[in-house]
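K.L.:
Can you keep this structure in mind? I'll have questions shortly.
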Amino acid sequence: MTEAVAVPVTSLPGGVEMPMIGFGTWQLRGRAGRQAVHTALAAGYRHIDTATMYGNEAEVGHALAESGLDRSSVFLTTKLPSGRVGHERGTLAASLRALGTDYVDLWLVHWPPAGRKLCQVWREFLVLRDEGRTRAIGVSNYSLAQLDRLAEATGVTPAVNQIPWSPARYDPAMLAGHAERGVALEGYSPLKGANLANPVLTGIATAHGVTPAQVVLRWHLDHGITVIPKSSHPDRIAANIDVLGFKLTPDQVTRIDALSRR
């Protein structure tokens, strides 16, 4: 098994450190999914992102067990689906069984539930965190106003908000709003939302001797955003974590920011 890549980390409450490059597993199921996770771990990833809704927690668990890595060396994230609101404890217990672990490092509410359930779910997340079933808790696809509702109701702000993020979705107000609240912004679908043929990206890639996809991932890191690219191709899996050997200039970051469709 390859040594872990020395990826920068984001510090979450409770002394939890989240590697800023993770491996996304949406749509990676069965033998191919298991192999993709194994390939990612072999390439040096130590942050794996899954969800109950993905139906692949068992594959992730098997790949982790087969890797021979210590459980404590891999940051595991899973998520509570909308249809399991009100069944948080049982859902997390099932996730832990599938993953073959006693705890996850981060548990997210996958989508914001409506009405009073928004805060009810968060209160149950707090209980399960305090029981040690998850080291940190957060949300996914939440607005800043919804983050504030949770903080006002419980006094505890989510550690993480996982949202779609890419150059086309760049929003400085959203980025600043998370920083002001002390919430780590984690971006998903970083490459799906990027036009990798854009001359800005190809030009910057040529200047650094890398690919446009690597430029996009490096751009996330230079903004302090954790990113979870997904691929089933071994060469792309390796390339997506190989973004620490260069850094964008402030001008290059600004030019990529300007690709936003705001």
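Ordered as shown in the structure tokens, chains take letters A, B, and onward, while each chain numbers its residues from 1 and ligands are numbered from 1 in the order shown.
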With stretch 16-34 of chain A as the partner and 8 Å as the cut-off, tabulate the residues of stretch 81-138 of chain A that qualify, each row holding the nearest pair of atoms and their distance in Å to one decimal, using only C-alpha atoms, sorted by chain and rising number, as a Markdown table.
P.N.:
```
| residue | atom | partner | partner_atom | distance |
| --- | --- | --- | --- | --- |
| A:Asp105 | CA | A:Val16 | CA | 7.9 |
| A:Arg135 | CA | A:Val16 | CA | 7.0 |
| A:Ala136 | CA | A:Val16 | CA | 7.1 |
```
K.L.:
Export, as a JSON list (two decimals), in the first residue's frame, the selected residues with N, CA and C atoms.
P.N.:
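After the write, again-v9.json holds the following:
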```
[["chain", "number", "residue", "atom", "x", "y", "z"],
["A", 105, "ASP", "N", -15.73, 9.52, 10.86],
["A", 105, "ASP", "CA", -15.07, 10.77, 11.22],
["A", 105, "ASP", "C", -15.97, 11.97, 11.00],
["A", 135, "ARG", "N", -17.09, 11.47, 14.92],
["A", 135, "ARG", "CA", -16.17, 12.43, 15.54],
["A", 135, "ARG", "C", -16.59, 13.87, 15.27],
["A", 136, "ALA", "N", -17.17, 14.11, 14.12],
["A", 136, "ALA", "CA", -17.62, 15.46, 13.76],
["A", 136, "ALA", "C", -18.93, 15.33, 13.00]]
```
K.L.:
Among stretch 55-158 of chain A, which ones does DSSP place in strand (DSSP E), written as a PDB file with N, CA and C atoms, in the first residue's frame?
P.N.:
```
ATOM      1  N   PHE A  75      -9.913   9.002   6.972  1.00  0.00           N
ATOM      2  CA  PHE A  75     -11.037   9.863   7.342  1.00  0.00           C
ATOM      3  C   PHE A  75     -12.262   9.412   6.546  1.00  0.00           C
ATOM      4  N   LEU A  76     -13.280   8.903   7.243  1.00  0.00           N
ATOM      5  CA  LEU A  76     -14.488   8.397   6.591  1.00  0.00           C
ATOM      6  C   LEU A  76     -15.671   9.334   6.810  1.00  0.00           C
ATOM      7  N   THR A  77     -16.353   9.668   5.722  1.00  0.00           N
ATOM      8  CA  THR A  77     -17.572  10.471   5.779  1.00  0.00           C
ATOM      9  C   THR A  77     -18.728   9.664   5.214  1.00  0.00           C
ATOM     10  N   THR A  78     -19.878   9.697   5.897  1.00  0.00           N
ATOM     11  CA  THR A  78     -21.106   9.206   5.291  1.00  0.00           C
ATOM     12  C   THR A  78     -22.228  10.184   5.630  1.00  0.00           C
ATOM     13  N   LYS A  79     -23.433   9.911   5.092  1.00  0.00           N
ATOM     14  CA  LYS A  79     -24.506  10.912   5.160  1.00  0.00           C
ATOM     15  C   LYS A  79     -25.865  10.277   5.402  1.00  0.00           C
ATOM     16  N   LEU A  80     -26.696  10.999   6.135  1.00  0.00           N
ATOM     17  CA  LEU A  80     -28.079  10.594   6.406  1.00  0.00           C
ATOM     18  C   LEU A  80     -28.981  11.042   5.262  1.00  0.00           C
ATOM     19  N   VAL A 104     -17.607   6.927  12.464  1.00  0.00           N
ATOM     20  CA  VAL A 104     -17.162   7.642  11.272  1.00  0.00           C
ATOM     21  C   VAL A 104     -16.514   8.939  11.734  1.00  0.00           C
ATOM     22  N   ASP A 105     -15.733   9.517  10.865  1.00  0.00           N
ATOM     23  CA  ASP A 105     -15.065  10.774  11.221  1.00  0.00           C
ATOM     24  C   ASP A 105     -15.971  11.970  10.998  1.00  0.00           C
ATOM     25  N   LEU A 106     -16.871  11.851  10.025  1.00  0.00           N
ATOM     26  CA  LEU A 106     -17.789  12.952   9.733  1.00  0.00           C
ATOM     27  C   LEU A 106     -19.111  12.370   9.250  1.00  0.00           C
ATOM     28  N   TRP A 107     -20.197  12.835   9.851  1.00  0.00           N
ATOM     29  CA  TRP A 107     -21.542  12.419   9.451  1.00  0.00           C
ATOM     30  C   TRP A 107     -22.302  13.666   9.041  1.00  0.00           C
ATOM     31  N   LEU A 108     -22.876  13.627   7.861  1.00  0.00           N
ATOM     32  CA  LEU A 108     -23.570  14.789   7.315  1.00  0.00           C
ATOM     33  C   LEU A 108     -25.054  14.520   7.130  1.00  0.00           C
ATOM     34  N   VAL A 109     -25.872  15.555   7.297  1.00  0.00           N
ATOM     35  CA  VAL A 109     -27.273  15.514   6.865  1.00  0.00           C
ATOM     36  C   VAL A 109     -27.232  15.773   5.360  1.00  0.00           C
ATOM     37  N   THR A 134     -19.719   9.348  15.888  1.00  0.00           N
ATOM     38  CA  THR A 134     -19.092  10.140  14.828  1.00  0.00           C
ATOM     39  C   THR A 134     -18.231  11.198  15.490  1.00  0.00           C
ATOM     40  N   ARG A 135     -17.091  11.472  14.921  1.00  0.00           N
ATOM     41  CA  ARG A 135     -16.174  12.425  15.544  1.00  0.00           C
ATOM     42  C   ARG A 135     -16.591  13.869  15.267  1.00  0.00           C
ATOM     43  N   ALA A 136     -17.175  14.105  14.118  1.00  0.00           N
ATOM     44  CA  ALA A 136     -17.620  15.459  13.763  1.00  0.00           C
ATOM     45  C   ALA A 136     -18.934  15.330  13.002  1.00  0.00           C
ATOM     46  N   ILE A 137     -19.706  16.404  13.017  1.00  0.00           N
ATOM     47  CA  ILE A 137     -20.999  16.405  12.329  1.00  0.00           C
ATOM     48  C   ILE A 137     -21.127  17.654  11.471  1.00  0.00           C
ATOM     49  N   GLY A 138     -21.847  17.501  10.369  1.00  0.00           N
ATOM     50  CA  GLY A 138     -22.040  18.621   9.465  1.00  0.00           C
ATOM     51  C   GLY A 138     -23.270  18.398   8.608  1.00  0.00           C
ATOM     52  N   VAL A 139     -23.352  19.159   7.540  1.00  0.00           N
ATOM     53  CA  VAL A 139     -24.519  19.126   6.669  1.00  0.00           C
ATOM     54  C   VAL A 139     -24.064  19.180   5.210  1.00  0.00           C
ATOM     55  N   SER A 140     -25.026  19.011   4.318  1.00  0.00           N
ATOM     56  CA  SER A 140     -24.739  19.077   2.890  1.00  0.00           C
ATOM     57  C   SER A 140     -25.901  19.764   2.199  1.00  0.00           C
TER      58      SER A 140
END
```
K.L.:
With only C-alpha atoms as the basis for distance, which of A:Val85, A:Leu99, A:Ala36, A:Leu144 is at the shortest distance from A:Gly61?
P.N.:
A:Leu99
K.L.:
Of the candidates A:Ala51, A:Leu118, A:Leu259, A:Val7, which shows the shortest atom-to-atom distance to A:Ser95, using only C-alpha atoms?
P.N.:
A:Ala51
K.L.:
For each of A:Tyr54, A:Trp122, A:Tyr103, A:Tyr142, take the minimum atom-to-atom distance to A:Pro164, counting only C-alpha atoms, then give the residue where this is smallest.
P.N.:
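Nearest candidate to A:Pro164 out of A:Tyr54, A:Trp122, A:Tyr103, A:Tyr142: A:Tyr142.
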K.L.:
Need to verify the contact set: A:Val60, 7 Å, only C-alpha atoms, exclusion of same-chain residues closer than 3 positions in sequence. Can you return it as a list in words?
P.N.:
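Residues near the query, excluding close chain neighbours: Arg34, Val37, Asn56, Glu57, Ala63, Leu64 and Leu99 of chain A.
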K.L.:
Save the residues we just selected, N, CA and C atoms, as a PDB file, in the first residue's frame?
P.N.:
```pdb
ATOM      1  N   ARG A  34     -15.693  -1.079  -5.377  1.00  0.00           N
ATOM      2  CA  ARG A  34     -14.718  -1.576  -4.396  1.00  0.00           C
ATOM      3  C   ARG A  34     -13.298  -1.387  -4.917  1.00  0.00           C
ATOM      4  N   VAL A  37     -12.180   2.348  -4.813  1.00  0.00           N
ATOM      5  CA  VAL A  37     -11.774   2.794  -3.472  1.00  0.00           C
ATOM      6  C   VAL A  37     -10.415   2.197  -3.117  1.00  0.00           C
ATOM      7  N   ASN A  56     -23.212   2.112  -1.332  1.00  0.00           N
ATOM      8  CA  ASN A  56     -21.893   1.486  -1.513  1.00  0.00           C
ATOM      9  C   ASN A  56     -21.044   1.495  -0.241  1.00  0.00           C
ATOM     10  N   GLU A  57     -21.680   1.689   0.901  1.00  0.00           N
ATOM     11  CA  GLU A  57     -20.902   1.718   2.143  1.00  0.00           C
ATOM     12  C   GLU A  57     -20.189   0.383   2.373  1.00  0.00           C
ATOM     13  N   ALA A  63     -13.078  -2.411   0.948  1.00  0.00           N
ATOM     14  CA  ALA A  63     -11.824  -1.892   0.401  1.00  0.00           C
ATOM     15  C   ALA A  63     -10.897  -1.427   1.512  1.00  0.00           C
ATOM     16  N   LEU A  64     -11.473  -0.789   2.521  1.00  0.00           N
ATOM     17  CA  LEU A  64     -10.656  -0.325   3.643  1.00  0.00           C
ATOM     18  C   LEU A  64     -10.068  -1.513   4.396  1.00  0.00           C
ATOM     19  N   LEU A  99     -19.773  -0.274   6.915  1.00  0.00           N
ATOM     20  CA  LEU A  99     -18.406   0.219   6.775  1.00  0.00           C
ATOM     21  C   LEU A  99     -17.400  -0.597   7.591  1.00  0.00           C
TER      22      LEU A  99
END
```
K.L.:
Would you mind listing what lies within 9 Å of A:Glu88 as a PyMOL selection string, with only C-alpha atoms counted and same-chain residues fewer than 2 positions away left out?
P.N.:
chain A and resi 80+84-86+90-93+121+124-125+128
